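Everything on this sheet refers to the single structure shown next.
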Amino acid sequence: MSYPKWAVPILMVLCALNSHAQTEITGAGSSLAYPVMQELARQFKEHKKIELIYSSVGSGEGIRRIAARTVDFSLSDIPLTQYELNSQGLVQFPVFASAIVPVVNLPGVDVSRMTISAIALANIYIGKISRWDDPVLQELNPHINLPDLPIKAVYRSDVSGTSYVFTSFLSKSDANWNAIYGIGSRLKWPVGQGAKGSEGLVRTVKATEGAIGYVEFGAATSAQLDIPMVQVQGILITANNQLFAESFNALTPVRSSFYKFAAAPSGLQNSWPIIAITNALVLQHPSQDDDVRGSLAFFSWVYQSGSSVIKSFNLLPLESKKGIALVEAQWKAITNEKGQSLWVGEGLGR
Amino acid sequence: MGWRGVGALMQLFLSQVHGFFMRILSLVFLVGLLATTAQGSPVGTRLDKVYKQFIIQGERPEISSCMAIAFKAVRENAPYEAITYPDDVQDSALVQEDFEGEHMVKLVTISAEGLPRKTGFYLSNTPEKIQIVCYQIDEGVPIVKFNQVNRK
């Protein structure tokens with residue numbers, strides 16, 4: 001089949017017009033979010049005919065890319081304070097959450113019946129507890145004959161939101177950890193071996209006998225890693241999705257920035273203590289309206305239609321009407337250079 | 001060498017001198033322009049740029065604003081006129097959070113080297129080991145303090 005020569009430029013112009021109309025959204029950040037973002041992007045394209053490309057580069061790199069304005073949005077498990085958001089002209093809001101769990105590779109031990117206290121976990125990462133048959137661990141597990149094996153602590157070597165959340169938990173649980181190491185998306189870990197990304201950490205723990213690490217629950221279960229029970233202030237807590245969802249729903253943001261979440265005083269007594277909230281970051285005053293509109297359309301679709309996909313990845317969708325109303329209030333502050341609001345949706349909570 | 005040759009040499013000499021002075025003049029003009037531009041920018045904008053630079057450099061997001069605020073203080077009236085962060089600042093900085101009553105407090109402690117601010121004539125200025133402490137209440141603007149380490 002042949003076309004007349006004059007048809008070629010017309011076809012080219014039509015193609016260019018068509019590609020301009022098809023918006024492409026680019027995002028980067030949290031590696032924890034990558035699997036679910038792949039599926040959400042696939043379904044979003046199916047329903048809305050808009051392509052979304054998400055790069056799993058880690059929370060720190062995601063923040064770097066949105067600061068450099070090379071992506072339309074980033075996803076991060078490292079929250080920014082209101083001051084930091086203002087300085088960078090960014091808006092932050094939660095998309096979903098996940099439970100971070102300790103994972104253990106101890107062949108011959110039924111790890112699901114094993115208990116590790118929050119303080120023991122801190123002492124393992126400090127190096128004070130260096131063998132699995134340490135008296136502290138044996139006392140917590142009188143019914144298990146723990147092996148005479150060295151503990152190989154594994155941590156994330158990149159700037160990681162998971163590390164940020166995990167070390168926040170260690171800081172809250174152990175005064176010694178808080179005084180020396182504190183909270184960090186990256187740290188000078190006293191002992192152990194570094195691994196890059198969630199995938200790297202899972203691989204290292206799986207390949208190392210006697211290893212302990214920390215990872216998002218969905219990644220732990222899909223890699224079939226063993227998860228011990230965690231003891232916090234004398235209360236024994238078993239990792240399960242129902243508890244994670246209840247724990248997440250019991251949290252409310254302390255301020256409208258979504259930097260910090262806290263449980264209500266009447267919150268759950270035995271809630272899962274390590275919940276990572278994955279926040280999106282978008283520009284507050286973009287130079288081009290479409291830079292943000294596409295991202296808001298995507299997240300709006302996620303809140304309204306993405307819950308089942310998020311749950312299928314063992315993650316926790318933001319479902320509370322109050323929470324979604326707070327997100328929408330933040331979106332109303334996103335304006336173009338003329339001061340016009342870029343969120344013209346009919347209401348996320350409806 | 002005739003008069004023509006001398007004239008040509010003079011011309012070459014004058015053009016070299018002229019070129020040299022023009023280059024010096026251009027340099028002075030450029031430095032002046034840069035200084036004026038820097039001083040003319042609002043402090044907030046410059047601070048945001050420094051913070052952005054730290055973020056883009058890939059520093060830990062939770063310590064970058066403190067690093068930027070410390071630089072701002074150094075440009076103003078901090079007891080140090082220059083600070084240098086060590087190569088391992090990403091790993092060694094300490095971030096702590098606590099509640100003081102109803103107020104959330106974020107504390108960032110960074111080890112660095114500071115060049116003491118001096119007035120008048122001096123022959124040498126030796127950098128000191130310092131701790132930069134940023135105290136941020138309820139997500140507001142961090143307040144920075146400089147503490148000398150091992151002061152005798």
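Chain labels run A, B, ... following the order of the structure tokens; each chain numbers its residues from 1, and ligands are numbered from 1 in the order shown.
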Can you check which parts of chain B lie within 6 Å of chain A? Per residue, the shortest pair of atoms and distance in Å to one decimal, counting only C-alpha atoms, sorted by chain and number, as a tab-separated table.
residue	atom	partner	partner_atom	distance
B:Asp48	CA	A:Ser87	CA	5.3
B:Ile55	CA	A:Arg64	CA	5.5
B:Ile56	CA	A:Arg64	CA	4.9
B:Asp91	CA	A:Leu187	CA	4.3
B:Ser92	CA	A:Lys188	CA	6.0
B:Leu94	CA	A:Gly182	CA	5.7
B:Val95	CA	A:Ile183	CA	5.2
B:Gln96	CA	A:Gly182	CA	5.3
B:Glu139	CA	A:Thr81	CA	5.2
B:Gly140	CA	A:Tyr83	CA	5.4
B:Val141	CA	A:Tyr83	CA	5.9
Members of segment 138-244 of chain A assigned helix (DSSP H, G or I) by DSSP, as JSON, numbers by chain = {"A": [138, 139, 140, 161, 162, 163, 164, 165, 166, 167, 168, 169, 170, 171, 172, 173, 175, 176, 177, 178, 179, 180, 197, 198, 199, 200, 201, 202, 203, 204, 205, 206, 207, 217, 218, 219, 220, 221, 222, 241, 242, 243, 244]}
Can I get the selection written as a short mmCIF file (atom, residue, chain, number, x, y, z; two decimals), in the first residue's frame, with N, CA and C atoms?
data_model
loop_
_atom_site.label_atom_id
_atom_site.label_comp_id
_atom_site.auth_asym_id
_atom_site.auth_seq_id
_atom_site.Cartn_x
_atom_site.Cartn_y
_atom_site.Cartn_z
N GLN A 138 17.08 -16.07 74.53
CA GLN A 138 16.64 -17.38 75.04
C GLN A 138 15.55 -17.19 76.10
N GLU A 139 15.69 -16.14 76.91
CA GLU A 139 14.68 -15.88 77.95
C GLU A 139 13.33 -15.49 77.33
N LEU A 140 13.39 -14.77 76.22
CA LEU A 140 12.15 -14.39 75.52
C LEU A 140 11.50 -15.60 74.84
N GLY A 161 13.52 5.12 53.07
CA GLY A 161 12.37 5.44 53.92
C GLY A 161 12.11 4.33 54.92
N THR A 162 12.33 3.09 54.49
CA THR A 162 12.13 1.94 55.39
C THR A 162 13.08 2.05 56.58
N SER A 163 14.34 2.43 56.30
CA SER A 163 15.30 2.62 57.39
C SER A 163 14.84 3.74 58.31
N TYR A 164 14.31 4.82 57.72
CA TYR A 164 13.84 5.96 58.50
C TYR A 164 12.76 5.51 59.49
N VAL A 165 11.81 4.71 59.00
CA VAL A 165 10.69 4.26 59.85
C VAL A 165 11.19 3.25 60.89
N PHE A 166 12.06 2.35 60.46
CA PHE A 166 12.58 1.33 61.38
C PHE A 166 13.40 1.96 62.50
N THR A 167 14.27 2.91 62.14
CA THR A 167 15.10 3.55 63.17
C THR A 167 14.25 4.48 64.07
N SER A 168 13.14 5.00 63.54
CA SER A 168 12.23 5.78 64.39
C SER A 168 11.68 4.87 65.49
N PHE A 169 11.36 3.64 65.09
CA PHE A 169 10.85 2.66 66.05
C PHE A 169 11.93 2.30 67.08
N LEU A 170 13.16 2.07 66.62
CA LEU A 170 14.25 1.74 67.54
C LEU A 170 14.50 2.90 68.51
N SER A 171 14.42 4.14 67.99
CA SER A 171 14.65 5.32 68.83
C SER A 171 13.59 5.44 69.91
N LYS A 172 12.34 5.13 69.55
CA LYS A 172 11.25 5.21 70.52
C LYS A 172 11.38 4.10 71.57
N SER A 173 11.93 2.96 71.15
CA SER A 173 11.95 1.78 72.02
C SER A 173 13.15 1.75 72.96
N ALA A 175 16.39 3.94 74.67
CA ALA A 175 17.01 5.25 74.91
C ALA A 175 18.46 5.30 74.41
N ASN A 176 19.13 4.17 74.53
CA ASN A 176 20.52 4.08 74.10
C ASN A 176 20.65 4.28 72.58
N TRP A 177 19.77 3.63 71.83
CA TRP A 177 19.77 3.78 70.38
C TRP A 177 19.48 5.24 70.02
N ASN A 178 18.48 5.80 70.71
CA ASN A 178 18.07 7.18 70.42
C ASN A 178 19.22 8.16 70.68
N ALA A 179 19.97 7.92 71.76
CA ALA A 179 21.04 8.85 72.12
C ALA A 179 22.22 8.78 71.16
N ILE A 180 22.51 7.59 70.63
CA ILE A 180 23.73 7.45 69.80
C ILE A 180 23.43 7.49 68.29
N GLY A 197 18.39 -1.16 48.44
CA GLY A 197 16.99 -1.34 48.07
C GLY A 197 16.33 -2.48 48.83
N SER A 198 14.98 -2.49 48.81
CA SER A 198 14.24 -3.56 49.48
C SER A 198 14.62 -4.91 48.87
N GLU A 199 14.76 -4.91 47.53
CA GLU A 199 15.08 -6.17 46.85
C GLU A 199 16.43 -6.70 47.31
N GLY A 200 17.40 -5.79 47.46
CA GLY A 200 18.74 -6.18 47.90
C GLY A 200 18.72 -6.75 49.30
N LEU A 201 17.93 -6.11 50.16
CA LEU A 201 17.86 -6.57 51.55
C LEU A 201 17.23 -7.97 51.62
N VAL A 202 16.17 -8.17 50.86
CA VAL A 202 15.49 -9.47 50.84
C VAL A 202 16.47 -10.55 50.35
N ARG A 203 17.17 -10.23 49.27
CA ARG A 203 18.14 -11.19 48.71
C ARG A 203 19.21 -11.56 49.73
N THR A 204 19.74 -10.53 50.43
CA THR A 204 20.83 -10.77 51.38
C THR A 204 20.34 -11.62 52.56
N VAL A 205 19.17 -11.30 53.10
CA VAL A 205 18.66 -12.07 54.24
C VAL A 205 18.40 -13.51 53.81
N LYS A 206 17.82 -13.66 52.64
CA LYS A 206 17.50 -15.02 52.15
C LYS A 206 18.77 -15.86 51.96
N ALA A 207 19.85 -15.19 51.57
CA ALA A 207 21.08 -15.93 51.25
C ALA A 207 21.99 -16.12 52.47
N PHE A 217 6.03 -5.66 54.80
CA PHE A 217 5.36 -6.95 54.99
C PHE A 217 5.10 -7.69 53.67
N GLY A 218 4.60 -6.96 52.66
CA GLY A 218 4.29 -7.59 51.38
C GLY A 218 5.54 -8.19 50.75
N ALA A 219 6.65 -7.47 50.82
CA ALA A 219 7.91 -7.97 50.25
C ALA A 219 8.38 -9.19 51.02
N ALA A 220 8.18 -9.16 52.36
CA ALA A 220 8.60 -10.28 53.21
C ALA A 220 7.79 -11.53 52.87
N THR A 221 6.47 -11.38 52.73
CA THR A 221 5.65 -12.56 52.47
C THR A 221 5.86 -13.09 51.05
N SER A 222 6.00 -12.18 50.08
CA SER A 222 6.18 -12.70 48.72
C SER A 222 7.55 -13.38 48.57
N ASN A 241 -2.32 -8.79 58.48
CA ASN A 241 -2.90 -7.68 57.71
C ASN A 241 -4.04 -6.96 58.43
N GLN A 242 -4.87 -7.74 59.13
CA GLN A 242 -6.01 -7.15 59.85
C GLN A 242 -5.51 -6.14 60.88
N LEU A 243 -4.49 -6.57 61.63
CA LEU A 243 -3.92 -5.69 62.67
C LEU A 243 -3.27 -4.45 62.05
N PHE A 244 -2.58 -4.64 60.92
CA PHE A 244 -1.93 -3.50 60.27
C PHE A 244 -2.97 -2.46 59.87
#
query = From the set A:Leu121, A:Ile212, A:Leu75, A:Ile25, which residue has the shortest atom-to-atom contact distance to Asn105 of chain A, counting only C-alpha atoms?
reply =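 Of all the options, A:Ile212 lies closest to Asn105 of chain A.
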message = Just want the 8 Å neighbourhood of Phe54 of chain B, counted on only C-alpha atoms, with same-chain residues fewer than 6 positions away dropped. Output as a PyMOL selection string.
response = chain B and resi 64+67-68
task = Please measure the separation of atom CA of Ala41 of chain A and atom CA of Asn336 of chain A, giving the value in Å to one decimal.
result =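 Distance between the two atoms: 25.6 Å.
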task = List the neighbours of Thr238 of chain A out to 10 Å using only C-alpha atoms; skip same-chain residues closer than 5 positions along the sequence, and give me the result as a count of residues only.
result = 13
key: Test item: residues at most 8 Å from Leu115 of chain B, only C-alpha atoms, excluding those fewer than 3 positions along its chain, as a list of chain:residue names   = B:Tyr80, B:Glu81, B:Ala82, B:Ile83, B:Asn125, B:Thr126, B:Pro127, B:Glu128
Dump as an mmCIF file, in the first residue's frame, selection limited to C-alpha atoms:
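What landed in selection38.cif:
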data_model
loop_
_atom_site.group_PDB
_atom_site.id
_atom_site.type_symbol
_atom_site.label_atom_id
_atom_site.label_comp_id
_atom_site.auth_asym_id
_atom_site.auth_seq_id
_atom_site.Cartn_x
_atom_site.Cartn_y
_atom_site.Cartn_z
ATOM 1 C CA TYR B 80 32.109 31.019 62.628
ATOM 2 C CA GLU B 81 32.783 32.624 59.261
ATOM 3 C CA ALA B 82 33.036 29.328 57.392
ATOM 4 C CA ILE B 83 32.000 25.740 58.065
ATOM 5 C CA ASN B 125 42.873 31.296 61.860
ATOM 6 C CA THR B 126 42.665 27.616 62.735
ATOM 7 C CA PRO B 127 39.437 25.638 62.175
ATOM 8 C CA GLU B 128 37.796 24.163 65.274
#
query = In Å, how far is it from atom CA of Phe121 of chain B to atom CA of Asn77 of chain B?
reply =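 It comes out at 18.4 Å.
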task = Measure the distance from atom CA of Glu39 of chain A to atom CA of Glu24 of chain A in Å and round it to one decimal.
result =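 So the answer is 16.2 Å.
Backbone DSSP assigns strand (DSSP E) in segment 82-193 of chain A to Leu90, Val91, Gln92, Phe93, Pro94, Val95, Phe96, Ala97, Ser98, Ala99, Ile100, Val101, Pro102, Val103, Val104, Asn105, Thr115, Ile116, Ser117, Lys152, Ala153, Val154, Tyr155, Arg156 and Gln193 of chain A.
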task = Please identify all polymer residues within 7 Å of segment 275-284 of chain A, counting only C-alpha atoms, omitting same-chain residues fewer than 5 positions from it, and present them as a VMD selection string.
result = chain A and resid 72 to 77 89 to 100 162 165 292 334 to 335
request  = Could you check which of A:Trp331, A:Trp343, A:Phe261, A:Phe298 is closest to Met104 of chain B, using only C-alpha atoms?
outcome  = A:Phe261
